[in-house]
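Below is one structure; the comments refer to it alone.
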Amino acid sequence: MQEVLAMATSLSGETASLPPLIPDLSVLLSPWGAWLTQRLSQSTVVWLPRSLVTLLEGDGLPLDPAIAADLTPVIAFWNRCWPELVQRRRVHWFSDALDMSHAPKGEPPALLDRFDALVAALDRKLPPDLIEAEQGPERLHLEGTRDALALAATLQGEQPVVLSAARHGDAEPWACRALDRFGLIGHRLADEALRDMLAARLLRGFAHAGLAPLLGGGVARLAALHLAAPGSALPLPPARLAPGASFAGAPFAGEPDEDALSSVFEETCDDCLWDGAVAVWYEVP
């Protein structure tokens, strides 16, 4: 910990820049999820899993009444924060259709199709008996991790980092536990020099964003997951986009064509997108 803090301090003359971040549902559905999104989006791009958006819209995974009751306060808080958060230029997500997505202007519309293909491929990796066994919050968090991993493999430019939280007493954060369920290779980063370098950048950025009380007070155990998916180098599929549609979520000039808006991942998805994928993770001290 002292070495990481020393490295972060040594970067004091540099800009406290953060990579793009993808919080999973273990972070977002915590009491500080909306606040953390708001704070981080002042410093970097924050991508939200589709499962969060559908949950807020009431179209998410069916939940047991007891679990739904437990989530009611945090969902209500998110819905109160949502009108302001969706106006933030650094907060993005992919919905089921381009006109409902909120992605940066200028990005290829086919990114949505690539995202859908990666999600579908991960779903096929889950054994049927595991799908039946995972119920309630476990299933919900698994869906959120699937979306976060697919986003990390989809996005172009600087490689994003998935943020996940671990409950006190858990050996691993949610996203790291889910790697095994999807049949993906994941390792706790053992190289101290590399880990300290990566963690120092995050720590400095988090402190700049005002997260020091959250981390320093022991309120949360955050972990960072870095994913490499060689299959994402494949060319993007041709996208279907209705005339007048905007990838940034602006209204259509005319009546949208549902066929044109529908994802083409059924025709283009390929399990090889996840071939050779590997992830490393570490706790952010």
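In the structure tokens, chains take letters A, B, ... by order of appearance, with residues numbered from 1 within each chain and ligands from 1 in the order shown.
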
request  = Give me the residues within 12 Å of Leu111 of chain A as a ChimeraX atom specification, counting only C-alpha atoms and dropping any in the same chain fewer than 3 places off.
outcome  = /A:93-95,97-98,101,103-104,106-108,114-118,150-156,232,234-241,247,263-265

Mind running segment 175-249 of chain A against segment 24-34 of chain A at 12 Å and telling me each contacting residue's nearest atom pair with the distance in Å (one decimal), counting only C-alpha atoms, chain and number ascending, as CSV?
```
residue,atom,partner,partner_atom,distance
A:Ala175,CA,A:Asp24,CA,7.4
A:Cys176,CA,A:Asp24,CA,11.0
A:Arg177,CA,A:Ser26,CA,11.8
A:Ala178,CA,A:Asp24,CA,11.3
A:Leu211,CA,A:Trp32,CA,10.3
A:Pro213,CA,A:Trp32,CA,11.4
A:Leu214,CA,A:Trp32,CA,8.7
A:Leu215,CA,A:Trp32,CA,11.6
A:Val219,CA,A:Trp32,CA,9.6
A:Ala220,CA,A:Val27,CA,8.9
A:Arg221,CA,A:Val27,CA,9.7
A:Leu222,CA,A:Val27,CA,8.2
A:Ala223,CA,A:Val27,CA,10.0
A:Ala224,CA,A:Asp24,CA,10.6
A:Leu225,CA,A:Asp24,CA,10.6
```

query = Which residue, A:Val161, A:Leu273, A:Val91, A:Leu55, has the smallest gap to Asn79 of chain A when you use only C-alpha atoms?
reply = A:Leu55

query = What is the atom CA of Ala120 of chain A-atom CA of Asp147 of chain A distance in Å, reported with one decimal?
reply = 10.1 Å

task = List every residue of segment 10-230 of chain A that DSSP, applied to the backbone of this structure, places in strand (DSSP E), and write the result as a PyMOL selection string.
result = chain A and resi 21-23+46-47+91-92+161-166+185-188+221-228

Produce a file of the selected residues containing N, CA and C atoms, as a PDB file, in the first residue's frame.
```pdb
ATOM      1  N   LEU A  21     -13.966   3.937 -17.723  1.00  0.00           N
ATOM      2  CA  LEU A  21     -14.338   3.023 -16.642  1.00  0.00           C
ATOM      3  C   LEU A  21     -15.708   2.410 -16.899  1.00  0.00           C
ATOM      4  N   ILE A  22     -15.841   1.134 -16.517  1.00  0.00           N
ATOM      5  CA  ILE A  22     -17.103   0.406 -16.644  1.00  0.00           C
ATOM      6  C   ILE A  22     -17.430  -0.183 -15.278  1.00  0.00           C
ATOM      7  N   PRO A  23     -18.225   0.493 -14.459  1.00  0.00           N
ATOM      8  CA  PRO A  23     -18.625  -0.096 -13.174  1.00  0.00           C
ATOM      9  C   PRO A  23     -19.649  -1.209 -13.414  1.00  0.00           C
ATOM     10  N   VAL A  46     -17.539   7.181 -18.459  1.00  0.00           N
ATOM     11  CA  VAL A  46     -18.113   6.089 -17.670  1.00  0.00           C
ATOM     12  C   VAL A  46     -19.174   5.395 -18.525  1.00  0.00           C
ATOM     13  N   TRP A  47     -18.984   4.095 -18.755  1.00  0.00           N
ATOM     14  CA  TRP A  47     -19.960   3.289 -19.508  1.00  0.00           C
ATOM     15  C   TRP A  47     -20.779   2.464 -18.519  1.00  0.00           C
ATOM     16  N   VAL A  91     -21.121  10.136 -19.744  1.00  0.00           N
ATOM     17  CA  VAL A  91     -21.861   8.940 -19.307  1.00  0.00           C
ATOM     18  C   VAL A  91     -22.521   8.309 -20.525  1.00  0.00           C
ATOM     19  N   HIS A  92     -22.209   7.026 -20.776  1.00  0.00           N
ATOM     20  CA  HIS A  92     -22.681   6.358 -21.989  1.00  0.00           C
ATOM     21  C   HIS A  92     -23.227   4.969 -21.666  1.00  0.00           C
ATOM     22  N   VAL A 161     -11.358   0.011 -18.114  1.00  0.00           N
ATOM     23  CA  VAL A 161     -11.160  -0.804 -16.921  1.00  0.00           C
ATOM     24  C   VAL A 161     -12.521  -1.081 -16.302  1.00  0.00           C
ATOM     25  N   VAL A 162     -12.776  -2.346 -15.981  1.00  0.00           N
ATOM     26  CA  VAL A 162     -14.010  -2.729 -15.304  1.00  0.00           C
ATOM     27  C   VAL A 162     -13.807  -2.570 -13.801  1.00  0.00           C
ATOM     28  N   LEU A 163     -14.728  -1.893 -13.152  1.00  0.00           N
ATOM     29  CA  LEU A 163     -14.684  -1.748 -11.699  1.00  0.00           C
ATOM     30  C   LEU A 163     -15.712  -2.667 -11.071  1.00  0.00           C
ATOM     31  N   SER A 164     -15.284  -3.418 -10.075  1.00  0.00           N
ATOM     32  CA  SER A 164     -16.178  -4.335  -9.383  1.00  0.00           C
ATOM     33  C   SER A 164     -15.949  -4.206  -7.887  1.00  0.00           C
ATOM     34  N   ALA A 165     -16.941  -4.591  -7.108  1.00  0.00           N
ATOM     35  CA  ALA A 165     -16.843  -4.485  -5.651  1.00  0.00           C
ATOM     36  C   ALA A 165     -16.929  -5.862  -5.020  1.00  0.00           C
ATOM     37  N   ALA A 166     -16.265  -5.992  -3.902  1.00  0.00           N
ATOM     38  CA  ALA A 166     -16.327  -7.238  -3.133  1.00  0.00           C
ATOM     39  C   ALA A 166     -16.954  -6.943  -1.785  1.00  0.00           C
ATOM     40  N   ILE A 185     -10.400 -16.922 -18.921  1.00  0.00           N
ATOM     41  CA  ILE A 185      -9.197 -17.017 -18.106  1.00  0.00           C
ATOM     42  C   ILE A 185      -9.022 -15.715 -17.327  1.00  0.00           C
ATOM     43  N   GLY A 186      -8.894 -15.826 -16.029  1.00  0.00           N
ATOM     44  CA  GLY A 186      -8.687 -14.650 -15.193  1.00  0.00           C
ATOM     45  C   GLY A 186      -7.646 -14.926 -14.122  1.00  0.00           C
ATOM     46  N   HIS A 187      -6.815 -13.951 -13.858  1.00  0.00           N
ATOM     47  CA  HIS A 187      -5.754 -14.103 -12.856  1.00  0.00           C
ATOM     48  C   HIS A 187      -5.725 -12.870 -11.960  1.00  0.00           C
ATOM     49  N   ARG A 188      -5.495 -13.106 -10.684  1.00  0.00           N
ATOM     50  CA  ARG A 188      -5.172 -11.990  -9.802  1.00  0.00           C
ATOM     51  C   ARG A 188      -3.754 -11.558 -10.136  1.00  0.00           C
ATOM     52  N   ARG A 221     -14.645  -2.140  -1.025  1.00  0.00           N
ATOM     53  CA  ARG A 221     -13.472  -2.834  -1.549  1.00  0.00           C
ATOM     54  C   ARG A 221     -13.629  -2.893  -3.065  1.00  0.00           C
ATOM     55  N   LEU A 222     -12.914  -2.012  -3.744  1.00  0.00           N
ATOM     56  CA  LEU A 222     -13.000  -1.950  -5.195  1.00  0.00           C
ATOM     57  C   LEU A 222     -11.872  -2.741  -5.831  1.00  0.00           C
ATOM     58  N   ALA A 223     -12.176  -3.371  -6.946  1.00  0.00           N
ATOM     59  CA  ALA A 223     -11.175  -4.076  -7.729  1.00  0.00           C
ATOM     60  C   ALA A 223     -11.242  -3.588  -9.167  1.00  0.00           C
ATOM     61  N   ALA A 224     -10.100  -3.582  -9.817  1.00  0.00           N
ATOM     62  CA  ALA A 224     -10.007  -3.186 -11.223  1.00  0.00           C
ATOM     63  C   ALA A 224      -9.693  -4.422 -12.054  1.00  0.00           C
ATOM     64  N   LEU A 225     -10.413  -4.578 -13.151  1.00  0.00           N
ATOM     65  CA  LEU A 225     -10.222  -5.725 -14.037  1.00  0.00           C
ATOM     66  C   LEU A 225      -9.859  -5.210 -15.423  1.00  0.00           C
ATOM     67  N   HIS A 226      -8.736  -5.693 -15.950  1.00  0.00           N
ATOM     68  CA  HIS A 226      -8.285  -5.341 -17.296  1.00  0.00           C
ATOM     69  C   HIS A 226      -8.476  -6.567 -18.192  1.00  0.00           C
ATOM     70  N   LEU A 227      -9.127  -6.369 -19.319  1.00  0.00           N
ATOM     71  CA  LEU A 227      -9.464  -7.467 -20.230  1.00  0.00           C
ATOM     72  C   LEU A 227      -8.767  -7.290 -21.563  1.00  0.00           C
ATOM     73  N   ALA A 228      -8.214  -8.381 -22.078  1.00  0.00           N
ATOM     74  CA  ALA A 228      -7.681  -8.407 -23.442  1.00  0.00           C
ATOM     75  C   ALA A 228      -8.445  -9.477 -24.214  1.00  0.00           C
TER      76      ALA A 228
END
```
